[in-house]
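Student: Supplied in structure tokens, the structure appears directly below.
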Amino acid sequence: MKNTNNDPYFIDFEERIKKVQSEMQREKIDVYLGSRLRTLSWTSDAFCPWRSFVVIPPEGKPTVFTFVIDAARIVRESWLDEDHVRGFAPMGGQDQIGQIADFILEHIPGGRGRVGIESGMSNYLPEGFLTHYEYEQYRDALEGCDLVNAHGIIDRLSLVKDEGTINRFREASRIVDVGHRAVFEAMKNGGWKGVTETELAGIAALAMRRAGSEWEWSFTGGNEIASGYRTGYAGGACTPPTRKELKEGEPLLVDIHAMFKLGLGDHAHNYFLGKATDRQMWHAQNFVKIVEATLKTYRAGISPSSLAEEMMALAEEGGFADFMVPGFEHGIGMMGDEWRIGLNDGPFPYWTNPEHVYQENEVLICAMQYACPDEEIGFRYENPIVITKSGCEITSKYPLGVETL
Amino acid sequence: MAESIKYLSSAWRDEAEKRLKADLNPEKMNRLTSSMSNIYKGCPDGKDRYLFIKFADGALAEFAVGEGDAPAAEFQITGDYATFAKISRAELGAQRALMSGKLKLKGNMVKALKLASVADRVNKIFATIPAEY
């Protein structure tokens with residue numbers, strides 16, 4: 001399970017931490033206290049599902065602090081040794097505030113210095129910014145230290161992905177494709193009859209786990225399956241599966257997720273169940289057309305707003321702009337890094353800056369939602385892409401289309 | 001021996017060391033290499049004291065009691081003398097004392113959990129010494 005430098009998924013975490021420490025020095029930060037899930041994944045190489053913190057000293061390895069019931073596992077699965085993964089629990093000297101504050105002070109001679117923290121907000125629930133209560137407690141326990149917001153350091157360094165990270169995304173996408181093939185095999189020739197959305201989510205999950213996925217990582221119910229009216233919620237793009245049974249003549253949206261070594265697969269494919277009307281097919285053709293155009297447009301140097309303008313013009317020209325949710329991407333990184341693209345430098349704090357200029361080797365989810373609630377029809381496309389100089393690499397290779405099952 | 005010895009006195013230390021050596025062996029101690037300091041705050045004479053114990057490959061390597069700063073140890077447990085005394089008299093469990101914040105543990109808890117049973121073996125031996133608190 002350990003990160004070794006002779007496999008394609010190797011990430012040089014020591015070098016990564018040195019870069020953080022160099023930025024800390026530049027910003028005159030003595031110790032960095034990370035609390036976001038994305039920071040934990042990016043610095044430890046382990047999935048930290050419980051409230052966790054990472055303390056990065058001025059030099060040397062970081063130390064992860066997590067709920068004690070999960071600490072021994074993280075020792076095994078991260079690149080860190082037993083001395084750099086600590087458990088916390090409600091015990092004298094071992095609670096997360098007291099223990100971590102004591103640990104931080106060991107790295108701050110005289111108890112006076114600057115501690116970088118992660119403060120902010122997110123529309124992604126498991127983001128993990130320091131809570132108000134935690135902030136107050138650390139502020140009091142670290143009396144003599146200034147707590148300064150410093151998450152920009154991690155955000156900047158994690159924006160462009162290294163080869164090992166990209167390979168993890170490629171593998172997660174390969175696994176997602178296995179899930180899509182399993183769904184197709186199970187649903188073809190009327191196999192969908194009597195099947196519910198939750199069951200279909202499980203069929204995909206089983207196939208992906210057999211192929212090596214660790215879990216269906218999305219907090220939106222794991223695998224998102226929608227059929228009929230649920231595919232076309234106005235402005236909607238979130239469909240945890242329900243017990244709704246699949247029905248003939250309805251659209252079916254299969255948006256599935258796999259995780260491989262904290263790299264995330266996220267690909268949506270769409271179907272019609274049994275039959276489709278000409279009108280439904282017209283919607284499907286519009287959708288495929290705009291997905292194709294979007295994938296051809298992504299490249300280094302463009303921005304979310306320039307792409308959206310171009311694609312919405314295309315939709316307007318095709319007479320289906322009313323059905324497009326006007327967004328074509330969401331951010332992605334190692335587990336815990338979702339939604340916002342790029343840095344927190346846009347007009348609305350903690351949302352994607354529409355003028356963000358894509359760079360080579362950024363990874364994002366090419367994402368779009370087509371929705372016509374009045375006709376109870378909608379389609380979704382999601383696919384992790386790697387931005388290249390002249391285009392993008394599509395990591396999920398499952399053929400684009402809207403098939404009738 | 002039936003006479004009570006003053007807890008944490010040099011006589012108590014000698015008796016504790018004798019019993020530790022007699023009752024524990026490297027196998028029973030899981031060939032442990034580690035060290036621990038207990039810091040006793042507010043002893044009856046108003047002073048702070050420590051108990052330091054070190055095992056190397058399961059054998060008792062160092063055992064000391066004293067006043068002032070304790071030697072550096074992998075684990076440090078700090079608490080009031082009265083709390084430690086209650087634990088030694090089996091009136092309070094060590095775990096309960098930690099969970100209620102009466103004792104403060106410093107050190108890697110994941111490692112400490114692995115050592116809980118051997119620490120318990122040591123404490124049980126201390127509890128057999130007739131002591132005056």
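Quick note on naming: the chains in the structure tokens go A, B, ... in the order shown, residues restart at 1 in each chain, and ligands are numbered from 1 in order of appearance.
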Which chain A residues are at most 8 Å from chain B (counting only C-alpha atoms), as number ranges by chain?
Tutor: A: 68, 71-72, 83, 86-88, 90-94, 99
Student: Write a file of the selected residues as a PDB file, in the first residue's frame, keeping all heavy atoms.
Tutor:
```
ATOM      1  N   VAL A  68      -8.091   8.489  17.229  1.00  0.00           N
ATOM      2  CA  VAL A  68      -7.201   7.364  17.548  1.00  0.00           C
ATOM      3  C   VAL A  68      -7.654   6.039  16.917  1.00  0.00           C
ATOM      4  O   VAL A  68      -6.813   5.211  16.569  1.00  0.00           O
ATOM      5  CB  VAL A  68      -7.039   7.217  19.088  1.00  0.00           C
ATOM      6  CG1 VAL A  68      -8.348   6.763  19.727  1.00  0.00           C
ATOM      7  CG2 VAL A  68      -5.900   6.282  19.426  1.00  0.00           C
ATOM      8  N   ALA A  71      -5.784   5.822  13.568  1.00  0.00           N
ATOM      9  CA  ALA A  71      -4.380   6.236  13.427  1.00  0.00           C
ATOM     10  C   ALA A  71      -3.484   5.095  12.931  1.00  0.00           C
ATOM     11  O   ALA A  71      -2.636   5.314  12.059  1.00  0.00           O
ATOM     12  CB  ALA A  71      -3.870   6.787  14.755  1.00  0.00           C
ATOM     13  N   ALA A  72      -3.664   3.900  13.461  1.00  0.00           N
ATOM     14  CA  ALA A  72      -2.775   2.792  13.076  1.00  0.00           C
ATOM     15  C   ALA A  72      -2.941   2.457  11.590  1.00  0.00           C
ATOM     16  O   ALA A  72      -1.976   2.122  10.899  1.00  0.00           O
ATOM     17  CB  ALA A  72      -3.070   1.571  13.928  1.00  0.00           C
ATOM     18  N   ASP A  83       5.955   7.470  14.093  1.00  0.00           N
ATOM     19  CA  ASP A  83       6.245   8.690  14.865  1.00  0.00           C
ATOM     20  C   ASP A  83       5.573   9.920  14.269  1.00  0.00           C
ATOM     21  O   ASP A  83       5.518  10.969  14.918  1.00  0.00           O
ATOM     22  CB  ASP A  83       7.766   8.929  14.920  1.00  0.00           C
ATOM     23  CG  ASP A  83       8.445   7.920  15.821  1.00  0.00           C
ATOM     24  OD1 ASP A  83       7.783   7.448  16.775  1.00  0.00           O
ATOM     25  OD2 ASP A  83       9.613   7.587  15.575  1.00  0.00           O
ATOM     26  N   ARG A  86      -0.258  10.511  14.756  1.00  0.00           N
ATOM     27  CA  ARG A  86      -0.671  10.463  16.158  1.00  0.00           C
ATOM     28  C   ARG A  86      -2.183  10.340  16.249  1.00  0.00           C
ATOM     29  O   ARG A  86      -2.903  10.885  15.404  1.00  0.00           O
ATOM     30  CB  ARG A  86      -0.251  11.742  16.886  1.00  0.00           C
ATOM     31  CG  ARG A  86       1.242  12.071  16.805  1.00  0.00           C
ATOM     32  CD  ARG A  86       2.030  11.197  17.763  1.00  0.00           C
ATOM     33  NE  ARG A  86       3.442  11.557  17.753  1.00  0.00           N
ATOM     34  CZ  ARG A  86       4.011  12.404  18.622  1.00  0.00           C
ATOM     35  NH1 ARG A  86       3.293  12.985  19.542  1.00  0.00           N
ATOM     36  NH2 ARG A  86       5.310  12.646  18.566  1.00  0.00           N
ATOM     37  N   GLY A  87      -2.613   9.669  17.288  1.00  0.00           N
ATOM     38  CA  GLY A  87      -4.051   9.562  17.523  1.00  0.00           C
ATOM     39  C   GLY A  87      -4.483  10.550  18.589  1.00  0.00           C
ATOM     40  O   GLY A  87      -3.697  10.881  19.480  1.00  0.00           O
ATOM     41  N   PHE A  88      -5.695  11.041  18.472  1.00  0.00           N
ATOM     42  CA  PHE A  88      -6.213  11.855  19.579  1.00  0.00           C
ATOM     43  C   PHE A  88      -7.512  11.251  20.090  1.00  0.00           C
ATOM     44  O   PHE A  88      -8.187  10.496  19.382  1.00  0.00           O
ATOM     45  CB  PHE A  88      -6.366  13.332  19.205  1.00  0.00           C
ATOM     46  CG  PHE A  88      -7.261  13.642  18.032  1.00  0.00           C
ATOM     47  CD1 PHE A  88      -8.637  13.529  18.125  1.00  0.00           C
ATOM     48  CD2 PHE A  88      -6.710  14.089  16.837  1.00  0.00           C
ATOM     49  CE1 PHE A  88      -9.460  13.847  17.051  1.00  0.00           C
ATOM     50  CE2 PHE A  88      -7.519  14.404  15.751  1.00  0.00           C
ATOM     51  CZ  PHE A  88      -8.905  14.275  15.860  1.00  0.00           C
ATOM     52  N   PRO A  90     -10.499  11.662  23.752  1.00  0.00           N
ATOM     53  CA  PRO A  90     -10.839  12.450  24.946  1.00  0.00           C
ATOM     54  C   PRO A  90     -10.125  11.908  26.177  1.00  0.00           C
ATOM     55  O   PRO A  90     -10.668  11.123  26.935  1.00  0.00           O
ATOM     56  CB  PRO A  90     -12.364  12.285  25.046  1.00  0.00           C
ATOM     57  CG  PRO A  90     -12.649  10.974  24.378  1.00  0.00           C
ATOM     58  CD  PRO A  90     -11.623  10.820  23.306  1.00  0.00           C
ATOM     59  N   MET A  91      -8.903  12.326  26.335  1.00  0.00           N
ATOM     60  CA  MET A  91      -8.051  11.801  27.390  1.00  0.00           C
ATOM     61  C   MET A  91      -7.099  12.917  27.796  1.00  0.00           C
ATOM     62  O   MET A  91      -6.691  13.710  26.925  1.00  0.00           O
ATOM     63  CB  MET A  91      -7.256  10.640  26.791  1.00  0.00           C
ATOM     64  CG  MET A  91      -6.902   9.546  27.742  1.00  0.00           C
ATOM     65  SD  MET A  91      -6.051   8.257  26.830  1.00  0.00           S
ATOM     66  CE  MET A  91      -7.327   7.059  26.680  1.00  0.00           C
ATOM     67  N   GLY A  92      -6.725  12.978  29.039  1.00  0.00           N
ATOM     68  CA  GLY A  92      -5.834  14.047  29.483  1.00  0.00           C
ATOM     69  C   GLY A  92      -4.580  14.132  28.621  1.00  0.00           C
ATOM     70  O   GLY A  92      -3.867  13.152  28.472  1.00  0.00           O
ATOM     71  N   GLY A  93      -4.329  15.294  28.030  1.00  0.00           N
ATOM     72  CA  GLY A  93      -3.150  15.498  27.192  1.00  0.00           C
ATOM     73  C   GLY A  93      -3.261  14.930  25.799  1.00  0.00           C
ATOM     74  O   GLY A  93      -2.362  15.089  24.988  1.00  0.00           O
ATOM     75  N   GLN A  94      -4.344  14.233  25.512  1.00  0.00           N
ATOM     76  CA  GLN A  94      -4.469  13.563  24.213  1.00  0.00           C
ATOM     77  C   GLN A  94      -5.630  14.074  23.375  1.00  0.00           C
ATOM     78  O   GLN A  94      -5.902  13.539  22.305  1.00  0.00           O
ATOM     79  CB  GLN A  94      -4.624  12.044  24.424  1.00  0.00           C
ATOM     80  CG  GLN A  94      -3.397  11.391  25.027  1.00  0.00           C
ATOM     81  CD  GLN A  94      -2.193  11.434  24.092  1.00  0.00           C
ATOM     82  OE1 GLN A  94      -2.300  11.171  22.907  1.00  0.00           O
ATOM     83  NE2 GLN A  94      -1.043  11.797  24.616  1.00  0.00           N
ATOM     84  N   GLN A  99      -3.118  18.314  22.596  1.00  0.00           N
ATOM     85  CA  GLN A  99      -2.002  17.554  22.034  1.00  0.00           C
ATOM     86  C   GLN A  99      -1.350  18.300  20.858  1.00  0.00           C
ATOM     87  O   GLN A  99      -0.121  18.411  20.773  1.00  0.00           O
ATOM     88  CB  GLN A  99      -2.518  16.190  21.552  1.00  0.00           C
ATOM     89  CG  GLN A  99      -1.417  15.265  21.124  1.00  0.00           C
ATOM     90  CD  GLN A  99      -1.894  13.956  20.526  1.00  0.00           C
ATOM     91  OE1 GLN A  99      -1.122  13.257  19.901  1.00  0.00           O
ATOM     92  NE2 GLN A  99      -3.162  13.595  20.708  1.00  0.00           N
TER      93      GLN A  99
END
```
Student: Taking the DSSP secondary structure from the backbone, can you list the residues of region 10-80 of chain B that are strand (DSSP E or B), as a ChimeraX atom specification?
Tutor: /B:34-41,49-56,59-67,75-80
Student: Using only C-alpha atoms, which residues sit within 12 Å of Gln25 (chain A) once same-chain residues fewer than 3 positions away are excluded, as a PyMOL selection string?
Tutor: chain A and resi 18-22+28-32+56-59+114-116+150+153
Student: Using CA of Gly194 (chain A) and CA of Thr242 (chain A) as the two end points, give the distance in Å to one decimal.
Tutor: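 These atoms are spaced 13.6 Å apart.
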Student: Considering only C-alpha atoms, can you say which of B:Leu115, B:Ala85, B:Leu24, B:Leu60 comes closest to Lys6 (chain B)?
Tutor: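 Looking only at the distances to Lys6 (chain B), the closest residue turns out to be B:Ala85.
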Student: List as a list in words the protein and nucleic acid residues near region 116-128 of chain B, meaning an atom at most 7 Å away when only C-alpha atoms are counted, but skip any in the same chain fewer than 3 places from it.
Tutor: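 Result of the neighbour search: Ala16, Arg19, Leu20, Met29, Ser88, Arg89, Ala112 and Leu113 of chain B.
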Student: Pick out the residues sitting within 9 Å of Gly228 (chain A), and hand them over as a ChimeraX atom specification; count only C-alpha atoms, and ignore anything fewer than 5 positions along from it in its own chain.
Tutor: /A:246-247,249-253,376-378
Student: Keeping only N, CA, C and O atoms, write the selected residues to a file as a JSON list (two decimals), in the first residue's frame.
Tutor:
```
[["chain", "number", "residue", "atom", "x", "y", "z"],
["A", 246, "LEU", "N", -36.94, 1.74, -12.54],
["A", 246, "LEU", "CA", -36.72, 2.22, -13.90],
["A", 246, "LEU", "C", -37.96, 1.90, -14.76],
["A", 246, "LEU", "O", -38.55, 0.82, -14.65],
["A", 247, "LYS", "N", -38.35, 2.84, -15.61],
["A", 247, "LYS", "CA", -39.60, 2.68, -16.40],
["A", 247, "LYS", "C", -39.30, 2.88, -17.89],
["A", 247, "LYS", "O", -38.50, 3.74, -18.26],
["A", 249, "GLY", "N", -39.27, 4.07, -21.60],
["A", 249, "GLY", "CA", -39.47, 5.39, -22.21],
["A", 249, "GLY", "C", -38.81, 6.53, -21.44],
["A", 249, "GLY", "O", -38.85, 7.67, -21.90],
["A", 250, "GLU", "N", -38.22, 6.20, -20.33],
["A", 250, "GLU", "CA", -37.60, 7.26, -19.52],
["A", 250, "GLU", "C", -36.10, 7.36, -19.82],
["A", 250, "GLU", "O", -35.47, 6.37, -20.17],
["A", 251, "PRO", "N", -35.55, 8.55, -19.63],
["A", 251, "PRO", "CA", -34.09, 8.65, -19.69],
["A", 251, "PRO", "C", -33.48, 8.08, -18.41],
["A", 251, "PRO", "O", -34.13, 8.04, -17.36],
["A", 252, "LEU", "N", -32.24, 7.64, -18.52],
["A", 252, "LEU", "CA", -31.51, 7.10, -17.37],
["A", 252, "LEU", "C", -30.13, 7.74, -17.33],
["A", 252, "LEU", "O", -29.43, 7.74, -18.35],
["A", 253, "LEU", "N", -29.78, 8.26, -16.18],
["A", 253, "LEU", "CA", -28.49, 8.95, -16.01],
["A", 253, "LEU", "C", -27.65, 8.14, -15.02],
["A", 253, "LEU", "O", -28.09, 7.86, -13.90],
["A", 376, "GLU", "N", -39.48, 16.29, -18.46],
["A", 376, "GLU", "CA", -38.93, 15.25, -17.57],
["A", 376, "GLU", "C", -37.76, 14.51, -18.22],
["A", 376, "GLU", "O", -37.70, 13.28, -18.24],
["A", 377, "ILE", "N", -36.86, 15.31, -18.75],
["A", 377, "ILE", "CA", -35.69, 14.71, -19.40],
["A", 377, "ILE", "C", -34.44, 15.54, -19.10],
["A", 377, "ILE", "O", -34.51, 16.77, -18.99],
["A", 378, "GLY", "N", -33.35, 14.84, -18.94],
["A", 378, "GLY", "CA", -32.07, 15.52, -18.73],
["A", 378, "GLY", "C", -30.92, 14.55, -18.92],
["A", 378, "GLY", "O", -31.11, 13.32, -18.94]]
```
Student: In Å, how far is it from CA of Glu171 (chain A) to CA of Tyr358 (chain A)?
Tutor: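 Distance between the two atoms: 22.8 Å.
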Student: Just the helix (DSSP H, G or I) stuff from region 205-388 of chain A, please, per backbone DSSP, written as a VMD selection string.
Tutor: chain A and resid 205 to 210 228 to 232 278 to 297 304 to 318 321 to 323 373 to 375
Student: Between B:Glu132, B:Asn30, B:Glu15, B:Ile5, which one has atoms that come closest to Lys86 (chain B), using only C-alpha atoms?
Tutor: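 Among B:Glu132, B:Asn30, B:Glu15, B:Ile5, it is B:Glu132 that comes nearest to Lys86 (chain B).
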Student: Env of Lys47 (chain B): 10 Å cut, atoms = only C-alpha atoms, seq-sep filter 6 positions within chain, self excluded. Answer as a ChimeraX atom specification.
Tutor: /B:40-41,67-68,81
Student: Take the selection from the previous step and output its residues with C-alpha atoms, as a PDB file, in the first residue's frame.
Tutor:
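Ended up saving to out06.pdb:
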```pdb
ATOM      1  CA  TYR B  40       3.547  13.858  40.722  1.00  0.00           C
ATOM      2  CA  LYS B  41       2.289  17.378  41.343  1.00  0.00           C
ATOM      3  CA  GLU B  67      12.509  15.641  42.858  1.00  0.00           C
ATOM      4  CA  GLY B  68      12.629  18.266  40.161  1.00  0.00           C
ATOM      5  CA  TYR B  81       0.004  13.168  43.818  1.00  0.00           C
TER       6      TYR B  81
END
```
Student: So that I can see what lies close to Thr352 (chain A), please list as number ranges by chain the residues with an atom at most 9 Å from it, counting only C-alpha atoms and leaving out residues fewer than 5 positions away in the same chain.
Tutor: A: 304, 330-331, 339-347
Student: Pick out the closest residue to Ile290 (chain A) from this set: A:Pro349, A:Gly120, A:Gly401, A:Pro62. Count only C-alpha atoms.
Tutor: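 When distances to Ile290 (chain A) are compared using only C-alpha atoms, the smallest one comes from A:Gly401.
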Student: State, in Å with one decimal place, the distance from CA of Ile69 (chain A) to CA of Ala89 (chain A).
Tutor: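 Here the two named atoms are 8.7 Å from each other.
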